[in-house]
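Presented below is the structure to which this report refers.
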Number of protein chains: 4
Amino acid sequence: MCGVVGIYSEREDLTPHLLYYSLYALQHRGQESAGIAVWRKGIKLHRGMGLVHEVFNRNVLNEFRGNAGIGHVRYSTTGSSTFENSQPMLVRSREGEIAIAHNGNLVNSFELRKEMEMDGRVFHSESDTEVIAQLLGKYLLHFDVLESFRRVTRELVGSFSITMLLNDMLIAYRDPYGIKPLCIGELDSGYIIASESAAIDTVGGKFLRDVMPGELIAIRNGEIESHILFKNSYRANCVFEYIYFARPDSIIDGRYVYDVRLKIGKRLAREHPADADIVSPVPDSGITFAIGYSHESGIDFAESLIKNRYVGRTFIMPAQELRENSVRLKLNAVRSNVAGRKIILVDDSIVRGTTSRRIVDMLRKAGAKEVHMRIGSPPIIAPCYFGIDMATREELIAAFKSIEGVRFMINADTLGYLSLEGLIESVGLKENELCLACLTDLYPVSIPGEKCVQHQSSLVEF
Amino acid sequence: MCGVVGIYSEREDLTPHLLYYSLYALQHRGQESAGIAVWRKGIKLHRGMGLVHEVFNRNVLNEFRGNAGIGHVRYSTTGSSTFENSQPMLVRSREGEIAIAHNGNLVNSFELRKEMEMDGRVFHSESDTEVIAQLLGKYLLHFDVLESFRRVTRELVGSFSITMLLNDMLIAYRDPYGIKPLCIGELDSGYIIASESAAIDTVGGKFLRDVMPGELIAIRNGEIESHILFKNSYRANCVFEYIYFARPDSIIDGRYVYDVRLKIGKRLAREHPADADIVSPVPDSGITFAIGYSHESGIDFAESLIKNRYVGRTFIMPAQELRENSVRLKLNAVRSNVAGRKIILVDDSIVRGTTSRRIVDMLRKAGAKEVHMRIGSPPIIAPCYFGIDMATREELIAAFKSIEGVRFMINADTLGYLSLEGLIESVGLKENELCLACLTDLYPVSIPGEKCVQHQSSLVEF
Amino acid sequence: MCGVVGIYSEREDLTPHLLYYSLYALQHRGQESAGIAVWRKGIKLHRGMGLVHEVFNRNVLNEFRGNAGIGHVRYSTTGSSTFENSQPMLVRSREGEIAIAHNGNLVNSFELRKEMEMDGRVFHSESDTEVIAQLLGKYLLHFDVLESFRRVTRELVGSFSITMLLNDMLIAYRDPYGIKPLCIGELDSGYIIASESAAIDTVGGKFLRDVMPGELIAIRNGEIESHILFKNSYRANCVFEYIYFARPDSIIDGRYVYDVRLKIGKRLAREHPADADIVSPVPDSGITFAIGYSHESGIDFAESLIKNRYVGRTFIMPAQELRENSVRLKLNAVRSNVAGRKIILVDDSIVRGTTSRRIVDMLRKAGAKEVHMRIGSPPIIAPCYFGIDMATREELIAAFKSIEGVRFMINADTLGYLSLEGLIESVGLKENELCLACLTDLYPVSIPGEKCVQHQSSLVEF
Amino acid sequence: MCGVVGIYSEREDLTPHLLYYSLYALQHRGQESAGIAVWRKGIKLHRGMGLVHEVFNRNVLNEFRGNAGIGHVRYSTTGSSTFENSQPMLVRSREGEIAIAHNGNLVNSFELRKEMEMDGRVFHSESDTEVIAQLLGKYLLHFDVLESFRRVTRELVGSFSITMLLNDMLIAYRDPYGIKPLCIGELDSGYIIASESAAIDTVGGKFLRDVMPGELIAIRNGEIESHILFKNSYRANCVFEYIYFARPDSIIDGRYVYDVRLKIGKRLAREHPADADIVSPVPDSGITFAIGYSHESGIDFAESLIKNRYVGRTFIMPAQELRENSVRLKLNAVRSNVAGRKIILVDDSIVRGTTSRRIVDMLRKAGAKEVHMRIGSPPIIAPCYFGIDMATREELIAAFKSIEGVRFMINADTLGYLSLEGLIESVGLKENELCLACLTDLYPVSIPGEKCVQHQSSLVEF
């Protein structure tokens with residue numbers, strides 16, 4: 001998971017500021033590194049490890065002037081937390097300078113790299129982004145921008161929402177399955193393209209619409225063009241954006257995330273009612289689900305867990321004797337709400353089950369009479385290949401345990417997962433518009449060793 | 001506002017870890033600097049600017065061994081954000097080494113310093129803590145610890161909850177009015193004293209009780225002693241700990257903060273009902289009040305504002321044109337909940353009124369039909385002299401405007417403040433057990449130029 | 001100017017330490033950045049801005065184990081002091097990983113890059129090193145290592161002494177003109193290749209010989225091979241290595257630098273005697289010349305200028321009023337040696353003349369009766385294209401002023417430059433073995449817009 | 001060893017710049033920390049760990065305006081390298097603010113602190129400087145500045161050269177024995193007081209004279225006053241300033257350091273001639289001695305050792321196997337000068353003897369036929385109590401070995417130390433004007449457990 005943004009502004013001096021604030025708004029999509037690239041005669045790049053407010057300072061924002069710019073925040077995935085992997089990536093080609101910010105994951109990155117190495121090319125990184133950059137470099141030699149993107153797309157298997165500078169041209173492109181979100185908004189002085197609409201709100205822009213799967217948007221000298229490079233009879237919007245990743249105040253593919261979560265909570269109340277005194281969320285991810293559950297069930301919404309707002313990205317692991325307490329650094333029970341109460345505890349999902357177990361135990365220790373766990377998604381049974389660092393299949397508790405087995409393991413009195421139908425109806429998109437792979441083990445694109453959804457393939461070039 | 005902690009542990013190696021995690025739990029009380037001091041043959045001190053996880057590293061925790069230690073997190077008050085002001089403060093006296101962590105504020109600090117300077121003493125800082133240290137140094141010459149603290153207390157006007165090392169002795173002391181909180185808990189391996197009970201929970205300890213106003217606790221070689229140095233017929237627990245400062249999962253002077261806030265919310269619903277579609281908090285401070293209001297009124301609790309969890313302590317101020325949007329970096333409206341709705345918006349307090357105005361405007365822009373502001377405290381009409389960096393009297397909007405005037409200024413449809421009686425009853429302490437100075441303009445201790453509560457003075461030494 | 005090193009050691013744990021200490025020994029060749037790359041299953045890279053002791057810490061040295069490694073220190077050239085430009089550069093190709101450390105400068109870098117971009121390649125940097133890496137990637141596809149280097153060499157115009165890892169193979173290569181130095185030594189546990197022999201001494205190795213122009217050395221699994229890829233009837237060893245760049249305790253192409261400088265000093269005494277009381281160097285670069293001058297002339301060697309050893313790479317420029325004193329931060333006159341004395345002041349070269357003027361003025365202010373400037377090189381009249389950031393032709397004072405004009409400008413009583421014959425004889429190599437371009441305006445290779453030495457071209461492949 | 005400076009300038013904006021550059025010039029006296037304090041309405045302090053150019057930046061210099069300021073560089077002594085120990089030290093007293101920069105060491109610091117603690121005072125540090133500050137705080141209550149300094153002086157045993165701000169008054173004071181140097185110069189815009197005259201030269205000032213032992217200089221509002229607080233029939237200028245500490249371009253107590261060193265070298269040639277081919281220094285400390293030896297003996301001065309200019313304050317200790325080579329990081333033999341030669345090697349002193357041994361071995365390995373060690377000082381047989389971190393008595397090789405024993409241990413062919421008479425005559429001061437304690441084991445002041453020089457005590461107050 002990552003966040004991308006692109007800005008075109010008539011006001012050269014505002015561009016870096018607009019990038020900075022929109023990255024700020026997308027910080028939840030990646031805390032490992034941040035960076036921006038701005039065109040003015042040439043492309044200037046600034047990136048670094050850490051949060052947006054750590055990477056930038058006033059000088060950078062004042063020095064980076066230009067009409068077109070892109071930005072990126074990177075999520076920390078295992079083992080590769082280095083400066084070299086921070087984005088945007090900048091390369092120089094015959095066609096000029098190319099800066100790319102990429103959200104997504106390629107399944108065939110390794111194969112593509114090997115193939116191009118056969119051609120005598122060398123790679124500076126192991127990132128998917130460089131694969132895209134080199135493919136573009138190759139096709140731009142012989143084709144125009146649109147045809148080059150068509151050809152690049154034909155080669156890539158996976159997810160990609162991209163913002164890019166090709167010299168002074170700002171380009172945004174979303175893969176034909178629309179796995180990762182991307183949307184466009186209008187500014188007083190130009191346009192903004194971002195992973196989530198909340199970024200548009202943050203800079204005072206007006207949300208226009210989602211970028212469509214297979215759509216390429218190009219902005220240059222104030223002129224904006226849209227080109228549908230591919231049409232597809234089905235799409236595969238990541239359902240976990242609605243459940244967990246996206247900010248609740250964002251619109252993702254026509255659906256307001258907050259509303260989806262509220263509906264999930266209500267549906268959960270209907271699917272898995274429970275006789276309880278209060279409905280409580282696991283903060284922060286379970287809050288809106290729990291509110292929906294409360295509205296539908298009529299059971300009071302009340303907090304049974306308080307989260308320490310200052311738990312940072314890193315803290316020193318406790319001495320062995322204190323390790324069992326590590327969840328207490330993050331969460332603490334609200335005794336007066338918990339003691340002697342029957343509690344419906346709502347969370348967004350269960351991955352490994354270990355954290356759920358610790359939380360249930362904490363509530364029991366604080367005197368909870370009953371703990372009824374309700375989950376705003378169906379069981380996660382398969383890994384994600386499209387950019388979510390969830391877990392391996394072996395680590396997914398629901399991949400090899402029954403629901404009763406999970407319930408027993410997390411020590412809850414009852415456990416209710418949202419049904420797949422419930423989820424789909426709550427989102428309000430059709431089944432063939434969503435990527436549900438982690439819940440169904442059926443992938444929207446062909447992945448070696450995995451089963452593929454039996455959609456009638458229909459990717460059509462335009 | 002600051003946070004203090006003291007640890008006595010039979011396990012020398014655990015002490016620094018316990019200090020670290022309890023400071024982590026108190027991080028909300030101060031983000032400017034953090035530090036610990038641990039005794040082992042001598043006192044070792046480590047402190048620095050920044051958050052707890054920025055100031056410490058594994059090496060420090062592993063090197064600082066000893067049975068007794070104290071810790072401090074410091075709140076950023078204007079103009080003095082320097083390393084020299086970080087705590088604990090360490091001095092050497094005839095009686096040995098003294099390390100002090102202090103939460104509170106002295107009203108007569110300047111006078112005391114001048115007086116001691118007349119004696120030929122020199123001061124390294126302008127902090128209250130050094131005044132206390134030097135007074136202790138003076139009295140410990142001629143008197144034992146208890147008598148010294150009695151004499152120091154007689155000289156100080158203001159608030160102070162202190163943890164301290166006098167060589168290998170851990171001392172905790174709370175001023176006779178009990179203005180700032182302090183409590184004690186039991187650990188497997190010893191004791192913990194902390195500003196809030198949530199810190200005790202975090203390290204897996206057992207809350208024992210609040211330290212009493214005028215009580216000194218001394219721990220040495222595993223022996224714990226309690227001494228009531230002063231008895232007082234009234235006290236003055238800061239009421240804003242319940243309203244805003246303390247974590248909701250803390251017990252402050254016998255009252256569970258979460259419960260108090262829930263009761264305030266309910267009382268507010270009775271005192272200031274409104275015909276509305278939803279009850280929403282200003283996150284995060286208004287959440288529990290809003291839940292209580294919802295429970296009492298039966299109106300659905302729903303979020304109308306989403307907070308960016310990553311808004312750091314500092315961010316680069318936007319370019320002039322973007323400045324009006326600065327509140328958007330922090331908050332964004334949940335359109336689906338807001339549009340066309342009548343909203344009861346609940347916050348803890350109004351200081352200057354400028355933020356409230358921006359939030360109301362944001363809701364209106366998002367389509368709110370009506371905004372009914374409800375405040376979980378009476379109007380703030382007087383400044384705090386005891387350690388809260390609220391604002392000057394001139395800046396307090398309620399100090400010079402009627403409630404209608406405030407309502408007009410913040411652009412709300414209606415505005416309801418909690419009554420003083422409502423507040424006192426919600427807390428559950430008597431009026432003469434609370435410091436209500438900022439709400440009543442009557443101070444619990446004599447302050448030049450201010451009116452004092454007409455309690456029958458009754459401070460009695462023991 | 002930069003420094004490179006390559007280590008092959010049977011002792012995996014020693015390799016990073018040996019790299020570190022040999023870079024330490026080459027620090028004078030580059031203070032901007034430093035880095036190492038070590039092979040063990042794959043190539044690990046560590047590099048950063050700053051001096052060797054700032055870039056590395058104990059952890060890095062302990063974690064980087066492997067038999068083969070390379071290192072680099074980079075000289076600060078204008079405008080490109082960024083992390084991205086630090087070396088070694090690491091790329092991945094079909095043949096595996098390639099890490100390159102490069103000392104030198106390509107004249108046709110821009111053309112080569114454009115040409116490869118025509119091929120659809122993209123570049124991550126504007127560095128010559130990447131050009132070499134990409135060419136290698138291209139040729140290694142079809143040819144073995146030796147043939148690939150032959151073909152790469154045919155394309156490059158300029159200077160290059162390279163150490164490189166091709167997976168587990170350590171390669172060292174020197175351009176067929178031998179412009180930049182490179183030598184090889186033996187270690188107890190393997191081999192060391194370095195820009196200067198002083199690095200070999202520093203790690204306790206035994207100097208074997210210079211790497212020959214056009215020679216490629218490859219070491220793998222303890223086996224060392226030498227291949228002469230090109231034979232040349234003339235070469236072009238940079239003469240300024242002897243005059244200024246190299247450490248005096250290094251052997252460069254068979255000549256001990258200290259000896260060359262001593263001989264230059266003696267020759268200067270014969271070519272430009274002066275009636276004076278003392279001979280003094282401009283420290284540190286003039287010291288050995290001055291000692292030689294003293295030996296030959298019999299005039300006492302004595303210091304007339306003291307250098308502040310702590311003048312760092314950067315210091316804050318003085319306020320306007322103090323700017324005239326800036327040379328005083330670095331140098332101060334030794335009054336007792338200077339006052340009333342006739343001084344022969346010896347320096348290595350004059351570039352712009354401004355510093356010389358300030359120094360002469362400083363001596364006069366300190367009471368010098370006469371200042372006779374003697375320069376250990378002929379006038380610099382042409383720019384360097386091979387890696388020395390000297391100055392542009394316009395800035396070179398001797399390019400447009402007569403010797404008398406320079407003398408007048410620097411305010412010396414007399415001025416004597418070493419003759420070209422004197423220089424060549426002092427070095428002890430033949431004229432057609434040296435690059436004298438900056439002194440003669442005749443370049444050893446064909447450079448657009450410049451005159452080329454009329455050597456009978458004779459580059460022969462082997 | 002430390003360096004101090006004081007500036008009074010009519011130009012408020014120049015003061016911080018003048019402090020900065022003069023500290024730069026004194027950097028050799030202390031590399032651990034640096035700091036300045038400037039008065040303007042109140043005293044502003046900036047200090048930090050590291051070299052002058054690391055501690056300061058342009059902002060600090062531009063913000064610190066005021067007519068009077070002081071500065072300090074601190075030498076790294078074992079075990080106390082912390083921010084808290086950096087200077088200037090700033091305290092507040094009844095008389096106002098006091099900032100002190102101190103060069104020297106008190107022998108009775110512990111006793112004085114204990115005594116004042118008996119009085120109920122507390123100390124923030126274990127530094128001598130705080131002792132002086134607290135004593136001043138005490139006496140300034142009852143006495144004027146002059147009388148206070150007289151009384152403070154009566155209590156202190158040890159060395160102290162002080163620059164100080166007492167509010168807007170710049171004070172410089174030197175102990176009645178004049179152990180540490182201090183001198184005064186004139187600036188275009190005011191005055192400068194500094195540890196060494198080279199600092200005066202660096203800022204373009206005019207050296208006026210040494211501050212006399214027991215003299216206090218006070219500057220305020222442009223008015224300068226001198227007061228001799230004590231007159232003494234003998235003094236005790238540290239002889240090692242001439243031998244090692246001071247810059248050669250400084251004037252210390254009327255003697256130009258360069259001249260003293262040159263004379264020492266000549267005298268050494270007369271006292272300990274040798275039949276040799278060349279005279280070489282151990283760089284950098286032996287250079288001037290070696291030049292003097294060469295002048296007197298007629299034997300050629302030539303370098304046999306090259307020093308790596310970039311060996312920093314810290315480097316990572318080599319792996320065990322490389323440790324024997326550690327001296328090679330710093331020094332390398334000049335083979336052509338060394339091989340087959342008889343060398344006179346000149347150094348300033350021998351402390352433990354281990355480094356000398358390594359150097360001699362290095363020369364022998366490089367082929368030296370004979371190595372004749374000549375030392376520019378008599379044997380060091382006693383520790384220093386006045387601020388030089390030499391070594392303990394047990395570590396001083398000459399304290400328990402004969403000269404022949406030392407020669408054998410360092411593996412030299414012959415060894416010659418300068419005689420005490422030779423040293424005294426070279427300096428040009430009388431025996432009773434120098435502190436020779438480390439060479440004679442007779443201390444100028446009474447130190448418990450040590451013998452005192454039998455001067456007729458004659459300290460007279462004025």
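In the structure tokens, chains take the letters A, B, ... in the order shown, each chain's residues start at 1, and ligands count up from 1 in the order shown.
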Exercise for the section: Using DSSP on the backbone coordinates, identify the residues of range 59-305 of chain D assigned to strand (DSSP E); present them as a PyMOL selection string. Expected result: chain D and resi 68-74+89-93+96-106+158-166+169-174+183-187+190-194+206-210+215-220+223-228+230-231+237-238+251-252+255-256+278-281+300-301+305
Now that the selection is made, can you save its residues with C-alpha atoms as an mmCIF file, in the first residue's frame?
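out_20.cif, freshly written:
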```
data_model
loop_
_atom_site.group_PDB
_atom_site.id
_atom_site.type_symbol
_atom_site.label_atom_id
_atom_site.label_comp_id
_atom_site.auth_asym_id
_atom_site.auth_seq_id
_atom_site.Cartn_x
_atom_site.Cartn_y
_atom_site.Cartn_z
ATOM 1 C CA ALA D 68 29.825 41.885 24.836
ATOM 2 C CA GLY D 69 30.317 38.157 24.480
ATOM 3 C CA ILE D 70 32.472 35.254 25.530
ATOM 4 C CA GLY D 71 33.339 31.901 23.992
ATOM 5 C CA HIS D 72 34.837 28.561 24.949
ATOM 6 C CA VAL D 73 36.218 25.425 23.354
ATOM 7 C CA ARG D 74 36.524 22.369 25.575
ATOM 8 C CA MET D 89 28.142 28.156 31.982
ATOM 9 C CA LEU D 90 25.258 30.520 32.658
ATOM 10 C CA VAL D 91 23.799 31.230 36.099
ATOM 11 C CA ARG D 92 21.502 33.857 37.541
ATOM 12 C CA SER D 93 22.338 35.586 40.791
ATOM 13 C CA GLY D 96 22.159 39.467 37.556
ATOM 14 C CA GLU D 97 23.307 36.982 35.006
ATOM 15 C CA ILE D 98 26.787 35.498 35.038
ATOM 16 C CA ALA D 99 28.272 33.563 32.126
ATOM 17 C CA ILE D 100 31.709 32.028 32.614
ATOM 18 C CA ALA D 101 34.240 30.450 30.277
ATOM 19 C CA HIS D 102 37.089 28.824 32.146
ATOM 20 C CA ASN D 103 40.457 27.438 31.117
ATOM 21 C CA GLY D 104 42.238 25.642 33.906
ATOM 22 C CA ASN D 105 41.781 23.218 36.728
ATOM 23 C CA LEU D 106 41.136 23.611 40.434
ATOM 24 C CA GLY D 158 44.788 25.763 40.847
ATOM 25 C CA SER D 159 44.865 27.405 37.473
ATOM 26 C CA PHE D 160 42.251 29.637 35.908
ATOM 27 C CA SER D 161 42.102 31.990 33.011
ATOM 28 C CA ILE D 162 38.563 33.241 32.800
ATOM 29 C CA THR D 163 36.430 35.286 30.468
ATOM 30 C CA MET D 164 33.087 36.228 31.891
ATOM 31 C CA LEU D 165 29.974 38.290 31.429
ATOM 32 C CA LEU D 166 28.446 39.898 34.494
ATOM 33 C CA MET D 169 30.245 43.826 31.712
ATOM 34 C CA LEU D 170 32.956 41.754 30.043
ATOM 35 C CA ILE D 171 35.502 40.546 32.578
ATOM 36 C CA ALA D 172 38.774 38.730 32.005
ATOM 37 C CA TYR D 173 40.814 37.412 34.866
ATOM 38 C CA ARG D 174 43.993 35.365 35.173
ATOM 39 C CA CYS D 183 46.172 38.050 26.306
ATOM 40 C CA ILE D 184 44.414 41.140 25.042
ATOM 41 C CA GLY D 185 44.155 42.758 21.654
ATOM 42 C CA GLU D 186 42.533 45.727 20.034
ATOM 43 C CA LEU D 187 39.899 45.579 17.314
ATOM 44 C CA GLY D 190 36.640 47.247 20.445
ATOM 45 C CA TYR D 191 38.692 44.642 22.258
ATOM 46 C CA ILE D 192 39.423 40.957 22.253
ATOM 47 C CA ILE D 193 40.722 38.799 25.063
ATOM 48 C CA ALA D 194 41.860 35.299 24.185
ATOM 49 C CA LYS D 206 46.219 44.065 17.092
ATOM 50 C CA PHE D 207 47.980 42.239 19.912
ATOM 51 C CA LEU D 208 48.426 44.587 22.880
ATOM 52 C CA ARG D 209 49.917 42.490 25.658
ATOM 53 C CA ASP D 210 49.500 39.459 27.891
ATOM 54 C CA GLU D 215 45.075 41.074 36.686
ATOM 55 C CA LEU D 216 41.380 41.668 36.131
ATOM 56 C CA ILE D 217 40.224 43.521 33.046
ATOM 57 C CA ALA D 218 36.689 44.879 32.877
ATOM 58 C CA ILE D 219 35.071 46.399 29.801
ATOM 59 C CA ARG D 220 31.679 48.092 29.811
ATOM 60 C CA GLU D 223 35.366 51.784 28.832
ATOM 61 C CA ILE D 224 38.214 49.448 29.694
ATOM 62 C CA GLU D 225 39.724 49.159 33.155
ATOM 63 C CA SER D 226 42.653 47.134 34.444
ATOM 64 C CA HIS D 227 43.091 46.146 38.075
ATOM 65 C CA ILE D 228 45.981 44.214 39.513
ATOM 66 C CA PHE D 230 47.390 40.367 43.316
ATOM 67 C CA LYS D 231 51.081 40.909 42.942
ATOM 68 C CA ASN D 237 53.523 29.965 33.323
ATOM 69 C CA CYS D 238 52.919 26.465 32.045
ATOM 70 C CA ILE D 251 52.853 34.974 21.671
ATOM 71 C CA ILE D 252 52.609 33.555 25.189
ATOM 72 C CA ARG D 255 57.652 34.888 24.061
ATOM 73 C CA TYR D 256 56.894 33.994 20.482
ATOM 74 C CA ILE D 278 68.758 13.709 7.910
ATOM 75 C CA VAL D 279 66.768 15.380 10.660
ATOM 76 C CA SER D 280 63.050 14.518 10.648
ATOM 77 C CA PRO D 281 60.156 15.546 12.799
ATOM 78 C CA ASP D 300 69.409 18.363 6.108
ATOM 79 C CA PHE D 301 65.826 18.675 7.248
ATOM 80 C CA LEU D 305 57.016 10.387 8.118
#
```
Handout entry: Distance filter 10 Å, only C-alpha atoms, chain B against chain D, as number ranges by chain
Key = B: 83-84, 89-98, 113-126, 130, 133-142
Selected residues written out with C-alpha atoms, as a short mmCIF file (atom, residue, chain, number, x, y, z; two decimals), in the first residue's frame:
```cif
data_model
loop_
_atom_site.label_atom_id
_atom_site.label_comp_id
_atom_site.auth_asym_id
_atom_site.auth_seq_id
_atom_site.Cartn_x
_atom_site.Cartn_y
_atom_site.Cartn_z
CA PHE B 83 17.22 21.11 26.42
CA GLU B 84 18.12 22.97 29.60
CA MET B 89 16.68 18.04 37.06
CA LEU B 90 19.72 16.72 38.86
CA VAL B 91 21.64 18.59 41.56
CA ARG B 92 24.22 17.64 44.16
CA SER B 93 23.86 18.78 47.74
CA ARG B 94 25.49 18.02 51.06
CA GLU B 95 22.95 15.27 51.56
CA GLY B 96 23.86 13.75 48.23
CA GLU B 97 22.28 13.73 44.82
CA ILE B 98 18.76 14.98 44.21
CA ARG B 113 14.27 32.95 43.57
CA LYS B 114 14.95 36.59 44.30
CA GLU B 115 14.89 35.85 48.01
CA MET B 116 17.39 33.04 47.69
CA GLU B 117 19.58 35.15 45.44
CA MET B 118 19.69 37.67 48.26
CA ASP B 119 21.35 34.86 50.12
CA GLY B 120 24.07 34.65 47.51
CA ARG B 121 22.68 31.63 45.71
CA VAL B 122 22.88 31.29 41.95
CA PHE B 123 20.36 29.65 39.64
CA HIS B 124 21.03 27.76 36.47
CA SER B 125 17.53 27.99 35.10
CA GLU B 126 14.32 29.92 35.45
CA GLU B 130 15.21 24.48 40.56
CA ALA B 133 15.60 21.82 44.55
CA GLN B 134 17.42 24.74 46.14
CA LEU B 135 14.89 25.08 48.95
CA LEU B 136 15.28 21.38 49.66
CA GLY B 137 19.05 21.73 49.61
CA LYS B 138 18.72 24.48 52.20
CA TYR B 139 16.35 22.73 54.58
CA LEU B 140 17.88 19.28 54.34
CA LEU B 141 20.96 20.81 55.97
CA HIS B 142 19.18 21.27 59.24
#
```
Handout entry: Long-range neighbours of range 442-447 of chain C as an MDAnalysis selection string, 10 Å cut-off, only C-alpha atoms, 2 positions minimum in chain
Key = chainID C and resid 107:108 157:159 177 179 234:237 382 384:385 432:440 449:455 457
Practice task
Give me the residues within 12 Å of Glu404 in chain B as an NGL selection string, counting only C-alpha atoms and dropping any in the same chain fewer than 2 places off.
Solution key: :B and (373 or 379 or 397-398 or 400-402 or 406-417)
Would you put the residues from that selection into a file with C-alpha atoms, as a PDB file, in the first residue's frame?
```pdb
ATOM      1  CA  MET B 373     -22.760  23.270  19.695  1.00  0.00           C
ATOM      2  CA  PRO B 379     -17.417  28.984  29.998  1.00  0.00           C
ATOM      3  CA  ILE B 397     -13.612  34.587  24.391  1.00  0.00           C
ATOM      4  CA  ALA B 398     -16.020  33.828  27.238  1.00  0.00           C
ATOM      5  CA  PHE B 400     -15.625  39.210  27.623  1.00  0.00           C
ATOM      6  CA  LYS B 401     -18.527  37.900  25.553  1.00  0.00           C
ATOM      7  CA  SER B 402     -21.955  36.639  26.540  1.00  0.00           C
ATOM      8  CA  VAL B 406     -19.895  33.431  21.585  1.00  0.00           C
ATOM      9  CA  ARG B 407     -22.615  31.580  19.671  1.00  0.00           C
ATOM     10  CA  PHE B 408     -22.769  34.342  17.099  1.00  0.00           C
ATOM     11  CA  MET B 409     -19.028  34.417  16.768  1.00  0.00           C
ATOM     12  CA  ILE B 410     -18.655  30.679  16.208  1.00  0.00           C
ATOM     13  CA  ASN B 411     -21.624  30.696  13.828  1.00  0.00           C
ATOM     14  CA  ALA B 412     -23.585  27.916  15.590  1.00  0.00           C
ATOM     15  CA  ASP B 413     -27.370  27.704  15.582  1.00  0.00           C
ATOM     16  CA  THR B 414     -27.472  27.162  19.303  1.00  0.00           C
ATOM     17  CA  LEU B 415     -24.773  26.907  21.940  1.00  0.00           C
ATOM     18  CA  GLY B 416     -25.068  25.166  25.281  1.00  0.00           C
ATOM     19  CA  TYR B 417     -22.419  25.089  27.992  1.00  0.00           C
TER      20      TYR B 417
END
```
Exercise for the section: Pick out the closest residue to Ser326 in chain A from this set: B:Glu196, B:Glu303, B:Asp201, B:Asp144. Count only C-alpha atoms. Expected result: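 The closest residue to Ser326 in chain A is B:Asp201.
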Problem - In range 90-281 of chain B, DSSP helix (DSSP H, G or I) residues written as a PyMOL selection string - result: chain B and resi 109-118+128-140+145-155+197-202+240-245+257-271
